[in-house]
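Chemist: Coordinates in protein-v8.cif, mmCIF, C-alpha atoms and all ligand atoms; chains and numbers go by the auth columns, are listed below.
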```
data_upload
#
loop_
_atom_site.group_PDB
_atom_site.id
_atom_site.type_symbol
_atom_site.label_atom_id
_atom_site.label_comp_id
_atom_site.label_asym_id
_atom_site.label_seq_id
_atom_site.Cartn_x
_atom_site.Cartn_y
_atom_site.Cartn_z
_atom_site.B_iso_or_equiv
_atom_site.auth_seq_id
_atom_site.auth_asym_id
ATOM 1 C CA MET A 1 -68.700 63.942 -41.542 0.00 1 A
ATOM 2 C CA GLN A 2 -69.789 60.404 -40.830 0.00 2 A
ATOM 3 C CA SER A 3 -70.847 59.475 -37.344 0.00 3 A
ATOM 4 C CA SER A 4 -72.941 56.343 -37.631 0.00 4 A
ATOM 5 C CA THR A 5 -71.092 53.051 -37.951 0.00 5 A
ATOM 6 C CA GLY A 6 -73.847 50.497 -38.435 0.00 6 A
ATOM 7 C CA VAL A 7 -71.894 48.485 -35.866 0.00 7 A
ATOM 8 C CA ARG A 8 -73.487 47.808 -32.508 0.00 8 A
ATOM 9 C CA PHE A 9 -71.243 48.703 -29.606 0.00 9 A
ATOM 10 C CA GLU A 10 -71.924 46.876 -26.361 0.00 10 A
ATOM 11 C CA ALA A 11 -70.247 46.994 -23.007 0.00 11 A
ATOM 12 C CA VAL A 12 -70.341 44.035 -20.638 0.00 12 A
ATOM 13 C CA PHE A 13 -69.425 45.117 -17.105 0.00 13 A
ATOM 14 C CA LEU A 14 -67.343 42.730 -15.045 0.00 14 A
ATOM 15 C CA SER A 15 -67.495 45.135 -12.128 0.00 15 A
ATOM 16 C CA LYS A 16 -69.080 48.511 -11.476 0.00 16 A
ATOM 17 C CA ASN A 17 -66.133 49.665 -9.383 0.00 17 A
ATOM 18 C CA ALA A 18 -64.127 52.539 -10.820 0.00 18 A
ATOM 19 C CA PRO A 19 -60.709 51.343 -12.029 0.00 19 A
ATOM 20 C CA ASP A 20 -57.654 51.865 -9.881 0.00 20 A
ATOM 21 C CA ASP A 21 -54.162 52.312 -11.280 0.00 21 A
ATOM 22 C CA ASP A 22 -51.059 54.413 -10.652 0.00 22 A
ATOM 23 C CA GLY A 23 -51.446 56.084 -14.060 0.00 23 A
ATOM 24 C CA ILE A 24 -54.916 57.536 -13.462 0.00 24 A
ATOM 25 C CA ASP A 25 -53.830 60.928 -12.100 0.00 25 A
ATOM 26 C CA GLN A 26 -51.590 61.516 -15.092 0.00 26 A
ATOM 27 C CA LEU A 27 -54.328 60.389 -17.496 0.00 27 A
ATOM 28 C CA ILE A 28 -56.721 62.915 -15.934 0.00 28 A
ATOM 29 C CA TYR A 29 -54.019 65.612 -16.170 0.00 29 A
ATOM 30 C CA TRP A 30 -53.803 65.081 -19.941 0.00 30 A
ATOM 31 C CA CYS A 31 -57.606 65.039 -20.327 0.00 31 A
ATOM 32 C CA LYS A 32 -57.766 68.491 -18.671 0.00 32 A
ATOM 33 C CA ARG A 33 -54.764 69.719 -20.658 0.00 33 A
ATOM 34 C CA PHE A 34 -56.356 68.839 -24.021 0.00 34 A
ATOM 35 C CA ASP A 35 -59.591 70.444 -22.882 0.00 35 A
ATOM 36 C CA GLU A 36 -57.660 73.665 -22.073 0.00 36 A
ATOM 37 C CA LEU A 37 -56.045 73.547 -25.514 0.00 37 A
ATOM 38 C CA ASN A 38 -59.508 73.205 -27.099 0.00 38 A
ATOM 39 C CA LEU A 39 -58.547 69.913 -28.707 0.00 39 A
ATOM 40 C CA ALA A 40 -61.574 68.095 -27.312 0.00 40 A
ATOM 41 C CA PRO A 41 -64.747 70.044 -28.102 0.00 41 A
ATOM 42 C CA LYS A 42 -67.951 68.720 -26.475 0.00 42 A
ATOM 43 C CA SER A 43 -67.304 65.058 -25.706 0.00 43 A
ATOM 44 C CA ALA A 44 -64.804 64.517 -28.545 0.00 44 A
ATOM 45 C CA GLY A 45 -61.516 62.743 -27.994 0.00 45 A
ATOM 46 C CA ASN A 46 -60.530 59.725 -25.923 0.00 46 A
ATOM 47 C CA LEU A 47 -57.378 58.956 -23.985 0.00 47 A
ATOM 48 C CA SER A 48 -56.094 55.666 -22.621 0.00 48 A
ATOM 49 C CA VAL A 49 -53.172 54.157 -20.745 0.00 49 A
ATOM 50 C CA ARG A 50 -52.113 50.523 -20.696 0.00 50 A
ATOM 51 C CA THR A 51 -52.610 48.522 -17.485 0.00 51 A
ATOM 52 C CA LYS A 52 -51.591 44.965 -16.538 0.00 52 A
ATOM 53 C CA LYS A 53 -54.961 43.577 -17.653 0.00 53 A
ATOM 54 C CA GLY A 54 -55.831 45.910 -20.535 0.00 54 A
ATOM 55 C CA PHE A 55 -56.170 49.674 -20.580 0.00 55 A
ATOM 56 C CA ILE A 56 -57.963 52.478 -18.760 0.00 56 A
ATOM 57 C CA ILE A 57 -59.891 54.791 -21.067 0.00 57 A
ATOM 58 C CA THR A 58 -62.197 57.794 -20.858 0.00 58 A
ATOM 59 C CA ALA A 59 -65.932 57.115 -20.980 0.00 59 A
ATOM 60 C CA THR A 60 -68.229 57.651 -23.929 0.00 60 A
ATOM 61 C CA GLY A 61 -70.226 60.881 -23.776 0.00 61 A
ATOM 62 C CA VAL A 62 -68.069 62.463 -21.050 0.00 62 A
ATOM 63 C CA ALA A 63 -66.081 65.576 -22.017 0.00 63 A
ATOM 64 C CA LEU A 64 -62.335 65.252 -21.411 0.00 64 A
ATOM 65 C CA GLY A 65 -62.548 68.344 -19.223 0.00 65 A
ATOM 66 C CA ALA A 66 -64.933 66.442 -16.930 0.00 66 A
ATOM 67 C CA ALA A 67 -62.761 63.318 -16.644 0.00 67 A
ATOM 68 C CA GLU A 68 -62.285 62.058 -13.089 0.00 68 A
ATOM 69 C CA ARG A 69 -61.494 58.797 -11.321 0.00 69 A
ATOM 70 C CA GLY A 70 -65.152 57.818 -11.030 0.00 70 A
ATOM 71 C CA ASN A 71 -65.964 58.069 -14.739 0.00 71 A
ATOM 72 C CA LEU A 72 -63.017 56.217 -16.268 0.00 72 A
ATOM 73 C CA ALA A 73 -63.356 52.604 -17.407 0.00 73 A
ATOM 74 C CA GLU A 74 -60.876 49.747 -17.656 0.00 74 A
ATOM 75 C CA VAL A 75 -61.219 47.640 -20.785 0.00 75 A
ATOM 76 C CA VAL A 76 -59.994 44.088 -20.256 0.00 76 A
ATOM 77 C CA ALA A 77 -61.167 42.479 -23.511 0.00 77 A
ATOM 78 C CA VAL A 78 -62.631 43.479 -26.873 0.00 78 A
ATOM 79 C CA GLU A 79 -64.530 41.042 -29.061 0.00 79 A
ATOM 80 C CA ILE A 80 -65.028 41.985 -32.693 0.00 80 A
ATOM 81 C CA GLU A 81 -67.829 40.372 -34.636 0.00 81 A
ATOM 82 C CA GLN A 82 -69.296 41.342 -37.994 0.00 82 A
ATOM 83 C CA ALA A 83 -71.879 43.859 -36.823 0.00 83 A
ATOM 84 C CA ARG A 84 -71.046 43.962 -33.146 0.00 84 A
ATOM 85 C CA ILE A 85 -68.194 45.113 -30.965 0.00 85 A
ATOM 86 C CA VAL A 86 -68.370 43.837 -27.397 0.00 86 A
ATOM 87 C CA VAL A 87 -66.142 45.460 -24.814 0.00 87 A
ATOM 88 C CA HIS A 88 -65.611 43.812 -21.432 0.00 88 A
ATOM 89 C CA ALA A 89 -65.007 46.525 -18.905 0.00 89 A
ATOM 90 C CA LYS A 90 -64.760 47.549 -15.281 0.00 90 A
ATOM 91 C CA GLY A 91 -66.270 50.839 -14.180 0.00 91 A
ATOM 92 C CA LYS A 92 -69.510 52.756 -13.889 0.00 92 A
ATOM 93 C CA LEU A 93 -69.718 54.216 -17.389 0.00 93 A
ATOM 94 C CA THR A 94 -69.434 52.812 -20.904 0.00 94 A
ATOM 95 C CA PRO A 95 -65.885 53.076 -22.211 0.00 95 A
ATOM 96 C CA SER A 96 -65.223 55.183 -25.318 0.00 96 A
ATOM 97 C CA LYS A 97 -66.653 53.800 -28.544 0.00 97 A
ATOM 98 C CA GLU A 98 -63.146 54.072 -29.969 0.00 98 A
ATOM 99 C CA SER A 99 -61.990 51.388 -27.482 0.00 99 A
ATOM 100 C CA VAL A 100 -61.518 48.955 -30.349 0.00 100 A
ATOM 101 C CA LEU A 101 -59.002 51.320 -31.947 0.00 101 A
ATOM 102 C CA HIS A 102 -57.042 51.639 -28.701 0.00 102 A
ATOM 103 C CA SER A 103 -57.197 47.884 -28.145 0.00 103 A
ATOM 104 C CA GLU A 104 -55.779 47.055 -31.571 0.00 104 A
ATOM 105 C CA ILE A 105 -52.933 49.574 -31.219 0.00 105 A
ATOM 106 C CA TYR A 106 -51.900 48.097 -27.839 0.00 106 A
ATOM 107 C CA HIS A 107 -52.139 44.619 -29.338 0.00 107 A
ATOM 108 C CA SER A 108 -49.911 45.333 -32.330 0.00 108 A
ATOM 109 C CA ARG A 109 -47.478 47.727 -30.610 0.00 109 A
ATOM 110 C CA PRO A 110 -46.137 46.219 -27.356 0.00 110 A
ATOM 111 C CA ASP A 111 -43.807 49.238 -27.023 0.00 111 A
ATOM 112 C CA ILE A 112 -46.775 51.611 -26.723 0.00 112 A
ATOM 113 C CA ASN A 113 -48.352 52.342 -23.322 0.00 113 A
ATOM 114 C CA ALA A 114 -50.443 55.439 -24.071 0.00 114 A
ATOM 115 C CA VAL A 115 -52.911 56.209 -26.883 0.00 115 A
ATOM 116 C CA PHE A 116 -54.313 59.736 -27.062 0.00 116 A
ATOM 117 C CA HIS A 117 -56.969 60.661 -29.623 0.00 117 A
ATOM 118 C CA VAL A 118 -58.033 64.305 -29.888 0.00 118 A
ATOM 119 C CA HIS A 119 -59.818 66.475 -32.437 0.00 119 A
ATOM 120 C CA ASP A 120 -57.062 68.842 -33.518 0.00 120 A
ATOM 121 C CA GLN A 121 -58.813 70.568 -36.413 0.00 121 A
ATOM 122 C CA LEU A 122 -55.802 72.751 -37.182 0.00 122 A
ATOM 123 C CA VAL A 123 -53.537 69.746 -37.746 0.00 123 A
ATOM 124 C CA VAL A 124 -56.291 67.850 -39.611 0.00 124 A
ATOM 125 C CA GLY A 125 -56.592 70.771 -42.048 0.00 125 A
ATOM 126 C CA LEU A 126 -52.813 70.963 -42.583 0.00 126 A
ATOM 127 C CA ALA A 127 -52.033 67.212 -42.673 0.00 127 A
ATOM 128 C CA GLY A 128 -50.862 67.364 -46.308 0.00 128 A
ATOM 129 C CA GLU A 129 -48.679 70.449 -45.853 0.00 129 A
ATOM 130 C CA LEU A 130 -47.124 69.023 -42.698 0.00 130 A
ATOM 131 C CA ASP A 131 -46.503 65.726 -44.530 0.00 131 A
ATOM 132 C CA LEU A 132 -48.051 63.650 -41.754 0.00 132 A
ATOM 133 C CA PRO A 133 -49.151 60.022 -42.034 0.00 133 A
ATOM 134 C CA CYS A 134 -52.881 60.172 -42.743 0.00 134 A
ATOM 135 C CA THR A 135 -55.694 57.675 -43.230 0.00 135 A
ATOM 136 C CA GLU A 136 -57.078 57.377 -46.747 0.00 136 A
ATOM 137 C CA GLY A 137 -60.712 58.335 -47.184 0.00 137 A
ATOM 138 C CA GLU A 138 -62.940 58.766 -44.172 0.00 138 A
ATOM 139 C CA GLN A 139 -64.149 55.888 -42.047 0.00 139 A
ATOM 140 C CA PRO A 140 -67.070 56.035 -39.631 0.00 140 A
ATOM 141 C CA ARG A 141 -66.093 56.862 -36.060 0.00 141 A
ATOM 142 C CA GLY A 142 -65.882 53.890 -33.744 0.00 142 A
ATOM 143 C CA SER A 143 -65.933 51.477 -36.691 0.00 143 A
ATOM 144 C CA TYR A 144 -63.745 48.499 -37.294 0.00 144 A
ATOM 145 C CA GLU A 145 -62.966 49.998 -40.739 0.00 145 A
ATOM 146 C CA LEU A 146 -61.343 52.983 -39.034 0.00 146 A
ATOM 147 C CA THR A 147 -59.299 50.661 -36.832 0.00 147 A
ATOM 148 C CA THR A 148 -58.173 48.599 -39.832 0.00 148 A
ATOM 149 C CA GLU A 149 -57.167 51.731 -41.723 0.00 149 A
ATOM 150 C CA VAL A 150 -55.203 53.094 -38.741 0.00 150 A
ATOM 151 C CA GLN A 151 -53.428 49.755 -38.424 0.00 151 A
ATOM 152 C CA ARG A 152 -52.587 49.875 -42.149 0.00 152 A
ATOM 153 C CA VAL A 153 -51.062 53.361 -41.834 0.00 153 A
ATOM 154 C CA LEU A 154 -49.124 52.393 -38.687 0.00 154 A
ATOM 155 C CA GLY A 155 -47.974 49.218 -40.452 0.00 155 A
ATOM 156 C CA LEU A 156 -46.524 51.282 -43.309 0.00 156 A
ATOM 157 C CA ARG A 157 -44.572 53.472 -40.905 0.00 157 A
ATOM 158 C CA LYS A 158 -43.517 51.135 -38.134 0.00 158 A
ATOM 159 C CA ASN A 159 -41.984 53.884 -36.008 0.00 159 A
ATOM 160 C CA ALA A 160 -44.864 56.299 -36.432 0.00 160 A
ATOM 161 C CA ARG A 161 -46.054 57.856 -33.195 0.00 161 A
ATOM 162 C CA TYR A 162 -48.529 60.319 -34.671 0.00 162 A
ATOM 163 C CA LEU A 163 -51.107 60.121 -37.408 0.00 163 A
ATOM 164 C CA VAL A 164 -54.069 62.016 -38.749 0.00 164 A
ATOM 165 C CA LEU A 165 -57.548 60.558 -39.170 0.00 165 A
ATOM 166 C CA ARG A 166 -58.817 62.260 -42.310 0.00 166 A
ATOM 167 C CA ASN A 167 -61.547 64.848 -41.637 0.00 167 A
ATOM 168 C CA HIS A 168 -61.719 63.688 -38.035 0.00 168 A
ATOM 169 C CA GLY A 169 -58.789 64.060 -35.614 0.00 169 A
ATOM 170 C CA VAL A 170 -55.342 62.826 -34.644 0.00 170 A
ATOM 171 C CA ILE A 171 -53.769 59.975 -32.695 0.00 171 A
ATOM 172 C CA ALA A 172 -50.580 60.374 -30.660 0.00 172 A
ATOM 173 C CA ILE A 173 -49.045 57.260 -29.152 0.00 173 A
ATOM 174 C CA GLY A 174 -46.069 56.821 -26.861 0.00 174 A
ATOM 175 C CA GLU A 175 -44.127 54.620 -24.497 0.00 175 A
ATOM 176 C CA THR A 176 -45.373 56.984 -21.803 0.00 176 A
ATOM 177 C CA MET A 177 -48.285 59.382 -21.440 0.00 177 A
ATOM 178 C CA ALA A 178 -45.800 62.262 -21.247 0.00 178 A
ATOM 179 C CA GLU A 179 -44.416 61.286 -24.651 0.00 179 A
ATOM 180 C CA ALA A 180 -47.824 60.960 -26.338 0.00 180 A
ATOM 181 C CA GLY A 181 -49.118 64.138 -24.686 0.00 181 A
ATOM 182 C CA LYS A 182 -46.092 66.243 -25.583 0.00 182 A
ATOM 183 C CA LEU A 183 -46.246 65.000 -29.161 0.00 183 A
ATOM 184 C CA ALA A 184 -49.896 66.042 -29.498 0.00 184 A
ATOM 185 C CA GLU A 185 -49.099 69.455 -27.962 0.00 185 A
ATOM 186 C CA ASP A 186 -46.017 69.992 -30.151 0.00 186 A
ATOM 187 C CA MET A 187 -47.905 69.136 -33.336 0.00 187 A
ATOM 188 C CA ASN A 188 -50.629 71.593 -32.367 0.00 188 A
ATOM 189 C CA LYS A 189 -47.990 74.319 -31.847 0.00 189 A
ATOM 190 C CA LEU A 190 -46.423 73.487 -35.209 0.00 190 A
ATOM 191 C CA ALA A 191 -49.820 73.817 -36.929 0.00 191 A
ATOM 192 C CA GLN A 192 -50.460 77.114 -35.119 0.00 192 A
ATOM 193 C CA ASN A 193 -47.094 78.500 -36.250 0.00 193 A
ATOM 194 C CA LEU A 194 -47.690 77.428 -39.830 0.00 194 A
ATOM 195 C CA THR A 195 -51.151 79.032 -39.782 0.00 195 A
ATOM 196 C CA ARG A 196 -49.645 82.265 -38.404 0.00 196 A
ATOM 197 C CA ARG A 197 -46.942 82.301 -41.087 0.00 197 A
ATOM 198 C CA LYS A 198 -49.508 81.712 -43.816 0.00 198 A
ATOM 199 C CA ARG A 199 -51.718 84.518 -42.495 0.00 199 A
ATOM 200 C CA ALA A 200 -48.758 86.894 -42.329 0.00 200 A
ATOM 201 C CA LYS A 201 -47.771 85.946 -45.890 0.00 201 A
ATOM 202 C CA ASN A 202 -51.320 86.470 -47.160 0.00 202 A
ATOM 203 C CA ALA A 203 -51.545 89.828 -45.395 0.00 203 A
ATOM 204 C CA GLY A 204 -48.191 90.794 -46.994 0.00 204 A
ATOM 205 C CA ASN A 205 -49.419 89.786 -50.439 0.00 205 A
ATOM 206 C CA ALA A 206 -52.629 91.712 -49.978 0.00 206 A
ATOM 207 C CA ARG A 207 -50.641 94.926 -49.407 0.00 207 A
ATOM 208 C CA ILE A 208 -48.690 94.607 -52.668 0.00 208 A
HETATM 209 ZN ZN ZN B . -62.757 61.168 -32.646 0.00 301 A
#
```
Can I see the file as structure tokens?
Modeler:
Amino acid sequence: MQSSTGVRFEAVFLSKNAPDDDGIDQLIYWCKRFDELNLAPKSAGNLSVRTKKGFIITATGVALGAAERGNLAEVVAVEIEQARIVVHAKGKLTPSKESVLHSEIYHSRPDINAVFHVHDQLVVGLAGELDLPCTEGEQPRGSYELTTEVQRVLGLRKNARYLVLRNHGVIAIGETMAEAGKLAEDMNKLAQNLTRRKRAKNAGNARI
């Protein structure tokens, strides 16, 4: 699994005040929910919601289960250079390194107001069987290559609201956080059911 991008990620803080927005409570609800569902091991996963100026996103290095008002960041601009990604933010902590991915999705999909990325290993392992849109190959996390590949997959399926990042995780997007969150939960349930059916079938075969 690749983790190093070779791209420098920098945050420029416009203010150290924690962001304030009506959507924050619901964003925190979903962070805790995905933690309960074990879809965000350690500090994996990042969730964001669109605001008037940009988007509010979870911080880098903070587990979703520990998300709270004081450790969220608002990203108001993302600059992409060859070996450098500069994120202009408000807040106390550095926004998620996947901010560039969230930024590009909001930019290209004006209908989308929530982007949830979690590490659903069950769905990742069953992406082919579930016939889900999936990135080709594996791009480093937090890289511009990953963002470009996600944009390519979303461009091929203009109405797609869910896709798999190969060997990595999933992205659920929606007009609302409730839509994106429910989608991520439903896909997890689907993968659990399929796994159960496969286990039952294998156990049945073993008895023959
Ligand atoms: Zn990830």
Chemist: Where does chain A meet ligand ZN 301 (chain A) within 12 Å, residue by residue, with the nearest atom pair and distance in Å to one decimal for each, counting all atoms listed in the file, listed by chain and rising number, as JSON lines?
Modeler:
```
{"residue": "A:Met1", "atom": "CA", "partner": "A:ZN301", "partner_atom": "ZN", "distance": 11.1}
{"residue": "A:Gln2", "atom": "CA", "partner": "A:ZN301", "partner_atom": "ZN", "distance": 10.8}
{"residue": "A:Ser3", "atom": "CA", "partner": "A:ZN301", "partner_atom": "ZN", "distance": 9.5}
{"residue": "A:Leu39", "atom": "CA", "partner": "A:ZN301", "partner_atom": "ZN", "distance": 10.5}
{"residue": "A:Ala40", "atom": "CA", "partner": "A:ZN301", "partner_atom": "ZN", "distance": 8.8}
{"residue": "A:Pro41", "atom": "CA", "partner": "A:ZN301", "partner_atom": "ZN", "distance": 10.2}
{"residue": "A:Lys42", "atom": "CA", "partner": "A:ZN301", "partner_atom": "ZN", "distance": 11.0}
{"residue": "A:Ser43", "atom": "CA", "partner": "A:ZN301", "partner_atom": "ZN", "distance": 9.2}
{"residue": "A:Ala44", "atom": "CA", "partner": "A:ZN301", "partner_atom": "ZN", "distance": 5.7}
{"residue": "A:Gly45", "atom": "CA", "partner": "A:ZN301", "partner_atom": "ZN", "distance": 5.1}
{"residue": "A:Asn46", "atom": "CA", "partner": "A:ZN301", "partner_atom": "ZN", "distance": 7.2}
{"residue": "A:Leu47", "atom": "CA", "partner": "A:ZN301", "partner_atom": "ZN", "distance": 10.4}
{"residue": "A:Thr60", "atom": "CA", "partner": "A:ZN301", "partner_atom": "ZN", "distance": 10.9}
{"residue": "A:Gly61", "atom": "CA", "partner": "A:ZN301", "partner_atom": "ZN", "distance": 11.6}
{"residue": "A:Ala63", "atom": "CA", "partner": "A:ZN301", "partner_atom": "ZN", "distance": 12.0}
{"residue": "A:Leu64", "atom": "CA", "partner": "A:ZN301", "partner_atom": "ZN", "distance": 12.0}
{"residue": "A:Ser96", "atom": "CA", "partner": "A:ZN301", "partner_atom": "ZN", "distance": 9.8}
{"residue": "A:Lys97", "atom": "CA", "partner": "A:ZN301", "partner_atom": "ZN", "distance": 9.3}
{"residue": "A:Glu98", "atom": "CA", "partner": "A:ZN301", "partner_atom": "ZN", "distance": 7.6}
{"residue": "A:Ser99", "atom": "CA", "partner": "A:ZN301", "partner_atom": "ZN", "distance": 11.1}
{"residue": "A:Leu101", "atom": "CA", "partner": "A:ZN301", "partner_atom": "ZN", "distance": 10.6}
{"residue": "A:His102", "atom": "CA", "partner": "A:ZN301", "partner_atom": "ZN", "distance": 11.8}
{"residue": "A:Phe116", "atom": "CA", "partner": "A:ZN301", "partner_atom": "ZN", "distance": 10.2}
{"residue": "A:His117", "atom": "CA", "partner": "A:ZN301", "partner_atom": "ZN", "distance": 6.5}
{"residue": "A:Val118", "atom": "CA", "partner": "A:ZN301", "partner_atom": "ZN", "distance": 6.3}
{"residue": "A:His119", "atom": "CA", "partner": "A:ZN301", "partner_atom": "ZN", "distance": 6.1}
{"residue": "A:Asp120", "atom": "CA", "partner": "A:ZN301", "partner_atom": "ZN", "distance": 9.6}
{"residue": "A:Gln121", "atom": "CA", "partner": "A:ZN301", "partner_atom": "ZN", "distance": 10.9}
{"residue": "A:Val124", "atom": "CA", "partner": "A:ZN301", "partner_atom": "ZN", "distance": 11.6}
{"residue": "A:Glu138", "atom": "CA", "partner": "A:ZN301", "partner_atom": "ZN", "distance": 11.8}
{"residue": "A:Gln139", "atom": "CA", "partner": "A:ZN301", "partner_atom": "ZN", "distance": 10.9}
{"residue": "A:Pro140", "atom": "CA", "partner": "A:ZN301", "partner_atom": "ZN", "distance": 9.7}
{"residue": "A:Arg141", "atom": "CA", "partner": "A:ZN301", "partner_atom": "ZN", "distance": 6.4}
{"residue": "A:Gly142", "atom": "CA", "partner": "A:ZN301", "partner_atom": "ZN", "distance": 8.0}
{"residue": "A:Ser143", "atom": "CA", "partner": "A:ZN301", "partner_atom": "ZN", "distance": 11.0}
{"residue": "A:Leu146", "atom": "CA", "partner": "A:ZN301", "partner_atom": "ZN", "distance": 10.5}
{"residue": "A:Thr147", "atom": "CA", "partner": "A:ZN301", "partner_atom": "ZN", "distance": 11.8}
{"residue": "A:Val164", "atom": "CA", "partner": "A:ZN301", "partner_atom": "ZN", "distance": 10.7}
{"residue": "A:Leu165", "atom": "CA", "partner": "A:ZN301", "partner_atom": "ZN", "distance": 8.4}
{"residue": "A:Arg166", "atom": "CA", "partner": "A:ZN301", "partner_atom": "ZN", "distance": 10.5}
{"residue": "A:Asn167", "atom": "CA", "partner": "A:ZN301", "partner_atom": "ZN", "distance": 9.8}
{"residue": "A:His168", "atom": "CA", "partner": "A:ZN301", "partner_atom": "ZN", "distance": 6.0}
{"residue": "A:Gly169", "atom": "CA", "partner": "A:ZN301", "partner_atom": "ZN", "distance": 5.7}
{"residue": "A:Val170", "atom": "CA", "partner": "A:ZN301", "partner_atom": "ZN", "distance": 7.9}
{"residue": "A:Ile171", "atom": "CA", "partner": "A:ZN301", "partner_atom": "ZN", "distance": 9.1}
```
Chemist: Need the shell around region 76-82 of chain A: protein/DNA/RNA residues with any atom at most 8 Å away, counting only C-alpha atoms. Skip same-chain ones fewer than 2 positions apart. Format as a VMD selection string?
Modeler: chain A and resid 7 53 to 55 74 84 to 90 99 to 100 103
Chemist: Please measure the separation of CA of Val115 (chain A) and CA of Thr51 (chain A), giving the value in Å to one decimal.
Modeler: 12.1 Å
Chemist: Could you state which residues are captured by the PyMOL selection byres (((chain A and resi 184-189) around 8) and not hetatm) in this file, as a PyMOL selection string?
Modeler: chain A and resi 120+122-123+162+171-172+180-183+190-193
Chemist: Could you work out how far CA of Gly91 (chain A) lies from CA of Leu14 (chain A), giving the answer in Å with one decimal?
Modeler: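 Spanning CA of Leu14 (chain A) to CA of Gly91 (chain A) is a straight-line distance of 8.2 Å.
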Chemist: List the neighbours of region 18-21 of chain A out to 9 Å using all atoms listed in the file; skip same-chain residues closer than 3 positions along the sequence, and give me the result as number ranges by chain.
Modeler: A: 15, 24-25, 51, 56, 69-74, 90-93
Chemist: Give as an NGL selection string every residue, naming chains and numbers as the document does, that has an atom within 9 Å of (-53.2, 59.3, -44.1), counting all atoms listed in the file.
Modeler: :A and (127-128 or 132-137 or 149-150 or 153 or 163-166)
Chemist: Could you check how far CA of Leu194 (chain A) sits from CA of Gly125 (chain A), in Å to one decimal?
Modeler: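 That distance, rounded to one decimal, is 11.3 Å.
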Chemist: Here is a test: counting only C-alpha atoms, which residue of A:Glu129, A:Asp111, A:Asp35, A:Glu145 is nearest to Ala66 (chain A)?
Modeler: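 So, comparing all the options, the nearest one is A:Asp35.
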Chemist: With only C-alpha atoms as the basis for distance, which of A:Asn38, A:Asn17, A:Val62, A:Ile112 is at the shortest distance from Lys158 (chain A)?
Modeler: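 Among A:Asn38, A:Asn17, A:Val62, A:Ile112, it is A:Ile112 that comes nearest to Lys158 (chain A).
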Chemist: Would you mind telling me which residue in A:Leu130, A:Ile105, A:Arg50, A:Arg8 lies nearest to Arg152 (chain A) when using only C-alpha atoms?
Modeler: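 Distance minimum relative to Arg152 (chain A) lands on A:Ile105.
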Chemist: Please report, as AutoDock Vina command-line options, the centre and edge lengths in Å to one decimal of an axis-aligned box covering all listed atoms of region 145-157 of chain A with 8 Å per side.
Modeler:
```
--center_x -53.8 --center_y 51.0 --center_z -40.1 --size_x 34.4 --size_y 20.9 --size_z 22.5
```
Chemist: Asn113 (chain A): which residues within 8 Å, counting all atoms listed in the file, same-chain residues fewer than 2 positions away excluded, as JSON, numbers by chain?
Modeler: {"A": [49, 50, 106, 110, 111, 115, 173, 174, 175, 176, 177]}
Chemist: Mind dumping the selected residues with C-alpha atoms as a PDB file, in the coordinates of the input?
Modeler:
```
ATOM      1  CA  VAL A  49     -53.172  54.157 -20.745  1.00  0.00           C
ATOM      2  CA  ARG A  50     -52.113  50.523 -20.696  1.00  0.00           C
ATOM      3  CA  TYR A 106     -51.900  48.097 -27.839  1.00  0.00           C
ATOM      4  CA  PRO A 110     -46.137  46.219 -27.356  1.00  0.00           C
ATOM      5  CA  ASP A 111     -43.807  49.238 -27.023  1.00  0.00           C
ATOM      6  CA  VAL A 115     -52.911  56.209 -26.883  1.00  0.00           C
ATOM      7  CA  ILE A 173     -49.045  57.260 -29.152  1.00  0.00           C
ATOM      8  CA  GLY A 174     -46.069  56.821 -26.861  1.00  0.00           C
ATOM      9  CA  GLU A 175     -44.127  54.620 -24.497  1.00  0.00           C
ATOM     10  CA  THR A 176     -45.373  56.984 -21.803  1.00  0.00           C
ATOM     11  CA  MET A 177     -48.285  59.382 -21.440  1.00  0.00           C
TER      12      MET A 177
END
```
